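What's in protein_36.cif: mmCIF, N, CA and C atoms
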```
data_data
#
loop_
_atom_site.group_PDB
_atom_site.id
_atom_site.type_symbol
_atom_site.label_atom_id
_atom_site.label_comp_id
_atom_site.auth_asym_id
_atom_site.auth_seq_id
_atom_site.Cartn_x
_atom_site.Cartn_y
_atom_site.Cartn_z
ATOM 1 N N LEU A 1 3.807 -21.813 3.371
ATOM 2 C CA LEU A 1 4.473 -21.002 4.363
ATOM 3 C C LEU A 1 4.734 -21.823 5.622
ATOM 4 N N PRO A 2 5.877 -21.615 6.220
ATOM 5 C CA PRO A 2 6.170 -22.339 7.469
ATOM 6 C C PRO A 2 5.330 -21.786 8.616
ATOM 7 N N PRO A 3 5.053 -22.590 9.613
ATOM 8 C CA PRO A 3 4.272 -22.107 10.770
ATOM 9 C C PRO A 3 5.048 -21.036 11.540
ATOM 10 N N LEU A 4 4.299 -20.166 12.203
ATOM 11 C CA LEU A 4 4.916 -19.082 12.972
ATOM 12 C C LEU A 4 5.512 -19.621 14.266
ATOM 13 N N SER A 5 6.640 -19.021 14.649
ATOM 14 C CA SER A 5 7.250 -19.389 15.925
ATOM 15 C C SER A 5 6.487 -18.704 17.056
ATOM 16 N N LEU A 6 6.758 -19.104 18.284
ATOM 17 C CA LEU A 6 6.053 -18.549 19.440
ATOM 18 C C LEU A 6 6.269 -17.038 19.582
ATOM 19 N N PRO A 7 7.512 -16.512 19.440
ATOM 20 C CA PRO A 7 7.674 -15.042 19.523
ATOM 21 C C PRO A 7 6.925 -14.299 18.409
ATOM 22 N N GLN A 8 6.858 -14.907 17.232
ATOM 23 C CA GLN A 8 6.125 -14.275 16.134
ATOM 24 C C GLN A 8 4.631 -14.242 16.429
ATOM 25 N N LYS A 9 4.128 -15.293 17.038
ATOM 26 C CA LYS A 9 2.707 -15.323 17.400
ATOM 27 C C LYS A 9 2.384 -14.255 18.439
ATOM 28 N N TRP A 10 3.277 -14.102 19.451
ATOM 29 C CA TRP A 10 3.053 -13.089 20.473
ATOM 30 C C TRP A 10 3.147 -11.685 19.881
ATOM 31 N N ALA A 11 4.088 -11.478 18.962
ATOM 32 C CA ALA A 11 4.221 -10.166 18.319
ATOM 33 C C ALA A 11 2.972 -9.853 17.493
ATOM 34 N N LEU A 12 2.466 -10.845 16.784
ATOM 35 C CA LEU A 12 1.255 -10.657 15.995
ATOM 36 C C LEU A 12 0.057 -10.345 16.896
ATOM 37 N N LEU A 13 -0.034 -11.052 18.022
ATOM 38 C CA LEU A 13 -1.117 -10.804 18.968
ATOM 39 C C LEU A 13 -1.021 -9.400 19.562
ATOM 40 N N ALA A 14 0.202 -8.968 19.900
ATOM 41 C CA ALA A 14 0.388 -7.632 20.471
ATOM 42 C C ALA A 14 0.044 -6.546 19.455
ATOM 43 N N LEU A 15 0.485 -6.709 18.212
ATOM 44 C CA LEU A 15 0.174 -5.722 17.180
ATOM 45 C C LEU A 15 -1.322 -5.682 16.881
ATOM 46 N N SER A 16 -1.939 -6.835 16.872
ATOM 47 C CA SER A 16 -3.384 -6.899 16.640
ATOM 48 C C SER A 16 -4.148 -6.237 17.780
ATOM 49 N N GLY A 17 -3.735 -6.486 19.004
ATOM 50 C CA GLY A 17 -4.384 -5.862 20.154
ATOM 51 C C GLY A 17 -4.201 -4.356 20.157
ATOM 52 N N GLY A 18 -2.988 -3.898 19.840
ATOM 53 C CA GLY A 18 -2.735 -2.453 19.769
ATOM 54 C C GLY A 18 -3.555 -1.783 18.687
ATOM 55 N N SER A 19 -3.671 -2.459 17.567
ATOM 56 C CA SER A 19 -4.483 -1.924 16.476
ATOM 57 C C SER A 19 -5.952 -1.847 16.874
ATOM 58 N N SER A 20 -6.435 -2.842 17.583
ATOM 59 C CA SER A 20 -7.828 -2.842 18.031
ATOM 60 C C SER A 20 -8.085 -1.717 19.029
ATOM 61 N N VAL A 21 -7.153 -1.489 19.933
ATOM 62 C CA VAL A 21 -7.307 -0.408 20.916
ATOM 63 C C VAL A 21 -7.331 0.944 20.212
ATOM 64 N N CYS A 22 -6.452 1.143 19.229
ATOM 65 C CA CYS A 22 -6.436 2.407 18.486
ATOM 66 C C CYS A 22 -7.742 2.606 17.731
ATOM 67 N N CYS A 23 -8.259 1.543 17.145
ATOM 68 C CA CYS A 23 -9.523 1.620 16.415
ATOM 69 C C CYS A 23 -10.656 1.997 17.364
ATOM 70 N N LEU A 24 -10.694 1.385 18.530
ATOM 71 C CA LEU A 24 -11.751 1.682 19.496
ATOM 72 C C LEU A 24 -11.650 3.101 20.046
ATOM 73 N N CYS A 25 -10.432 3.649 20.097
ATOM 74 C CA CYS A 25 -10.263 5.028 20.556
ATOM 75 C C CYS A 25 -10.767 6.027 19.517
ATOM 76 N N CYS A 26 -10.652 5.699 18.248
ATOM 77 C CA CYS A 26 -11.092 6.600 17.185
ATOM 78 C C CYS A 26 -12.593 6.513 16.926
ATOM 79 N N LEU A 27 -13.190 5.398 17.255
ATOM 80 C CA LEU A 27 -14.595 5.165 16.942
ATOM 81 C C LEU A 27 -15.549 6.186 17.573
ATOM 82 N N PRO A 28 -15.414 6.557 18.853
ATOM 83 C CA PRO A 28 -16.350 7.555 19.406
ATOM 84 C C PRO A 28 -16.263 8.906 18.688
ATOM 85 N N GLY A 29 -15.063 9.336 18.363
ATOM 86 C CA GLY A 29 -14.915 10.607 17.641
ATOM 87 C C GLY A 29 -15.556 10.558 16.273
ATOM 88 N N LEU A 30 -15.397 9.447 15.586
ATOM 89 C CA LEU A 30 -16.011 9.293 14.277
ATOM 90 C C LEU A 30 -17.532 9.305 14.383
ATOM 91 N N LEU A 31 -18.058 8.613 15.380
ATOM 92 C CA LEU A 31 -19.509 8.592 15.567
ATOM 93 C C LEU A 31 -20.056 9.978 15.917
ATOM 94 N N VAL A 32 -19.330 10.737 16.725
ATOM 95 C CA VAL A 32 -19.761 12.091 17.069
ATOM 96 C C VAL A 32 -19.733 12.977 15.819
ATOM 97 N N ALA A 33 -18.690 12.867 15.016
ATOM 98 C CA ALA A 33 -18.593 13.678 13.800
ATOM 99 C C ALA A 33 -19.715 13.347 12.821
ATOM 100 N N ILE A 34 -20.006 12.078 12.656
ATOM 101 C CA ILE A 34 -21.106 11.686 11.766
ATOM 102 C C ILE A 34 -22.443 12.179 12.324
ATOM 103 N N GLY A 35 -22.626 12.038 13.624
ATOM 104 C CA GLY A 35 -23.869 12.497 14.245
ATOM 105 C C GLY A 35 -24.069 13.996 14.111
ATOM 106 N N LEU A 36 -23.012 14.781 14.326
ATOM 107 C CA LEU A 36 -23.132 16.229 14.187
ATOM 108 C C LEU A 36 -23.411 16.630 12.745
ATOM 109 N N THR A 37 -22.756 15.955 11.813
ATOM 110 C CA THR A 37 -22.974 16.271 10.406
ATOM 111 C C THR A 37 -24.402 15.948 9.982
ATOM 112 N N LEU A 38 -24.896 14.799 10.388
ATOM 113 C CA LEU A 38 -26.272 14.449 10.051
ATOM 114 C C LEU A 38 -27.273 15.318 10.804
ATOM 115 N N GLY A 39 -26.915 15.726 12.012
ATOM 116 C CA GLY A 39 -27.806 16.544 12.820
ATOM 117 C C GLY A 39 -28.047 17.927 12.246
ATOM 118 N N ASN A 40 -27.019 18.531 11.634
ATOM 119 C CA ASN A 40 -27.207 19.860 11.045
ATOM 120 C C ASN A 40 -27.258 19.804 9.527
ATOM 121 N N GLN A 41 -27.440 18.602 8.981
ATOM 122 C CA GLN A 41 -27.599 18.358 7.547
ATOM 123 C C GLN A 41 -26.443 18.895 6.713
ATOM 124 N N GLY A 42 -25.244 18.909 7.286
ATOM 125 C CA GLY A 42 -24.045 19.294 6.547
ATOM 126 C C GLY A 42 -23.855 20.781 6.339
ATOM 127 N N ARG A 43 -24.709 21.622 6.915
ATOM 128 C CA ARG A 43 -24.597 23.069 6.702
ATOM 129 C C ARG A 43 -23.308 23.634 7.288
ATOM 130 N N VAL A 44 -22.817 23.062 8.368
ATOM 131 C CA VAL A 44 -21.624 23.603 9.032
ATOM 132 C C VAL A 44 -20.371 23.364 8.192
ATOM 133 N N LEU A 45 -20.388 22.315 7.359
ATOM 134 C CA LEU A 45 -19.226 22.039 6.521
ATOM 135 C C LEU A 45 -18.963 23.159 5.523
ATOM 136 N N LEU A 46 -20.024 23.771 5.020
ATOM 137 C CA LEU A 46 -19.879 24.840 4.037
ATOM 138 C C LEU A 46 -20.015 26.233 4.641
ATOM 139 N N ALA A 47 -20.184 26.341 5.950
ATOM 140 C CA ALA A 47 -20.352 27.646 6.596
ATOM 141 C C ALA A 47 -19.161 28.582 6.393
ATOM 142 N N PRO A 48 -17.898 28.130 6.428
ATOM 143 C CA PRO A 48 -16.785 29.071 6.238
ATOM 144 C C PRO A 48 -16.669 29.585 4.816
ATOM 145 N N CYS A 49 -17.485 29.102 3.887
ATOM 146 C CA CYS A 49 -17.361 29.507 2.490
ATOM 147 C C CYS A 49 -18.023 30.842 2.192
ATOM 148 N N SER A 50 -18.750 31.390 3.125
ATOM 149 C CA SER A 50 -19.429 32.652 2.844
ATOM 150 C C SER A 50 -18.422 33.786 2.776
ATOM 151 N N ILE A 51 -18.677 34.729 1.892
ATOM 152 C CA ILE A 51 -17.786 35.878 1.730
ATOM 153 C C ILE A 51 -17.868 36.787 2.954
ATOM 154 N N ALA A 52 -18.967 36.723 3.690
ATOM 155 C CA ALA A 52 -19.168 37.602 4.837
ATOM 156 C C ALA A 52 -18.221 37.268 5.988
ATOM 157 N N ASN A 53 -17.619 36.112 5.954
ATOM 158 C CA ASN A 53 -16.728 35.725 7.045
ATOM 159 C C ASN A 53 -15.376 36.408 6.846
ATOM 160 N N ILE A 54 -15.147 37.485 7.560
ATOM 161 C CA ILE A 54 -13.942 38.293 7.374
ATOM 162 C C ILE A 54 -12.709 37.596 7.956
ATOM 163 N N ALA A 55 -12.898 36.747 8.927
ATOM 164 C CA ALA A 55 -11.747 36.095 9.566
ATOM 165 C C ALA A 55 -11.012 35.182 8.599
ATOM 166 N N LEU A 56 -11.735 34.535 7.695
ATOM 167 C CA LEU A 56 -11.082 33.625 6.751
ATOM 168 C C LEU A 56 -10.673 34.308 5.457
ATOM 169 N N ALA A 57 -11.155 35.518 5.194
ATOM 170 C CA ALA A 57 -10.888 36.186 3.923
ATOM 171 C C ALA A 57 -9.403 36.410 3.648
ATOM 172 N N PRO A 58 -8.592 36.885 4.616
ATOM 173 C CA PRO A 58 -7.183 37.100 4.279
ATOM 174 C C PRO A 58 -6.416 35.793 4.051
ATOM 175 N N VAL A 59 -6.859 34.727 4.652
ATOM 176 C CA VAL A 59 -6.132 33.468 4.550
ATOM 177 C C VAL A 59 -6.375 32.811 3.206
ATOM 178 N N SER A 60 -7.610 32.597 2.866
ATOM 179 C CA SER A 60 -7.943 31.906 1.628
ATOM 180 C C SER A 60 -9.385 32.178 1.275
ATOM 181 N N ARG A 61 -9.663 32.310 0.006
ATOM 182 C CA ARG A 61 -11.033 32.490 -0.450
ATOM 183 C C ARG A 61 -11.652 31.160 -0.858
ATOM 184 N N GLU A 62 -10.887 30.083 -0.754
ATOM 185 C CA GLU A 62 -11.413 28.766 -1.090
ATOM 186 C C GLU A 62 -12.047 28.131 0.143
ATOM 187 N N CYS A 63 -13.026 27.297 -0.101
ATOM 188 C CA CYS A 63 -13.671 26.583 0.984
ATOM 189 C C CYS A 63 -12.762 25.450 1.454
ATOM 190 N N PRO A 64 -12.731 25.188 2.760
ATOM 191 C CA PRO A 64 -11.949 24.045 3.219
ATOM 192 C C PRO A 64 -12.561 22.727 2.755
ATOM 193 N N PHE A 65 -13.860 22.719 2.511
ATOM 194 C CA PHE A 65 -14.529 21.532 2.005
ATOM 195 C C PHE A 65 -15.558 22.002 0.992
ATOM 196 N N ASP A 66 -15.348 21.668 -0.259
ATOM 197 C CA ASP A 66 -16.243 22.110 -1.316
ATOM 198 C C ASP A 66 -16.625 20.917 -2.174
ATOM 199 N N PRO A 67 -17.831 20.367 -1.979
ATOM 200 C CA PRO A 67 -18.217 19.190 -2.749
ATOM 201 C C PRO A 67 -18.457 19.489 -4.225
ATOM 202 N N THR A 68 -18.566 20.775 -4.593
ATOM 203 C CA THR A 68 -18.807 21.111 -5.994
ATOM 204 C C THR A 68 -17.518 21.258 -6.782
ATOM 205 N N ARG A 69 -16.379 21.287 -6.103
ATOM 206 C CA ARG A 69 -15.104 21.478 -6.791
ATOM 207 C C ARG A 69 -14.622 20.160 -7.382
ATOM 208 N N VAL A 70 -14.093 20.234 -8.593
ATOM 209 C CA VAL A 70 -13.558 19.054 -9.256
ATOM 210 C C VAL A 70 -12.048 19.068 -9.071
ATOM 211 N N TYR A 71 -11.533 18.025 -8.455
ATOM 212 C CA TYR A 71 -10.099 17.926 -8.212
ATOM 213 C C TYR A 71 -9.484 17.058 -9.310
ATOM 214 N N VAL A 72 -8.563 17.634 -10.077
ATOM 215 C CA VAL A 72 -7.917 16.915 -11.172
ATOM 216 C C VAL A 72 -6.423 16.979 -10.938
ATOM 217 N N SER A 73 -5.784 15.835 -10.991
ATOM 218 C CA SER A 73 -4.340 15.791 -10.856
ATOM 219 C C SER A 73 -3.709 16.144 -12.195
ATOM 220 N N PRO A 74 -2.617 16.917 -12.184
ATOM 221 C CA PRO A 74 -1.944 17.206 -13.454
ATOM 222 C C PRO A 74 -1.303 15.949 -14.007
ATOM 223 N N PRO A 75 -1.191 15.854 -15.323
ATOM 224 C CA PRO A 75 -0.566 14.657 -15.900
ATOM 225 C C PRO A 75 0.907 14.594 -15.522
ATOM 226 N N LEU A 76 1.389 13.396 -15.357
ATOM 227 C CA LEU A 76 2.784 13.209 -15.009
ATOM 228 C C LEU A 76 3.671 13.468 -16.213
ATOM 229 N N VAL A 77 4.844 14.000 -15.964
ATOM 230 C CA VAL A 77 5.789 14.272 -17.051
ATOM 231 C C VAL A 77 6.278 12.937 -17.603
ATOM 232 N N GLY A 78 6.284 12.829 -18.904
ATOM 233 C CA GLY A 78 6.783 11.604 -19.532
ATOM 234 C C GLY A 78 5.699 10.578 -19.819
ATOM 235 N N ASP A 79 4.425 10.940 -19.610
ATOM 236 C CA ASP A 79 3.349 10.012 -19.897
ATOM 237 C C ASP A 79 3.094 9.872 -21.395
ATOM 238 N N GLY A 80 3.531 10.852 -22.150
ATOM 239 C CA GLY A 80 3.280 10.815 -23.581
ATOM 240 C C GLY A 80 2.040 11.564 -23.969
ATOM 241 N N ASP A 81 1.190 11.935 -22.999
ATOM 242 C CA ASP A 81 -0.027 12.682 -23.286
ATOM 243 C C ASP A 81 0.227 14.180 -23.369
ATOM 244 N N VAL A 82 1.311 14.625 -22.776
ATOM 245 C CA VAL A 82 1.629 16.048 -22.753
ATOM 246 C C VAL A 82 2.440 16.384 -23.996
ATOM 247 N N PRO A 83 2.017 17.396 -24.760
ATOM 248 C CA PRO A 83 2.794 17.748 -25.977
ATOM 249 C C PRO A 83 4.135 18.320 -25.656
#
```
Let me see the structure of the file written as structure tokens.
Amino acid sequence: LPPLSLPQKWALLALSGGSSVCCLCCLPGLLVAIGLTLGNQGRVLLAPCSIANIALAPVSRECPFDPTRVYVSPPLVGDGDVP
């Protein structure tokens, strides 16, 4: 590969710096989310799944996060596996 020109080097540096700033902005939120989840042992993640919660009942009876659910993608048409 040929060496990078000066404008390409500056563009790479700017993109790298912008990416680093975005990463650092997301890091505190991620740490807070992990801390809260570990702090309450994950009970809050499954709290909306109770039938007693009337506010969520008309919208959906499925949990927003259900670790027991198996997610399977349907086979693609033309794979040869579908009769």
Discussion item. What's the separation between CA of Ser5 (chain A) and atom C of Ser19 (chain A), in Å to one decimal place?
Written reply: 22.0 Å
Worksheet entry | Point-to-point distance from CA of Ala14 (chain A) to CA of Leu30 (chain A), Å rounded to tenths | 24.4 Å
Item to complete: For CA of Ala33 (chain A) and CA of Gly18 (chain A), determine how far apart the two atoms are, in Å to one decimal place.
Response: 23.4 Å
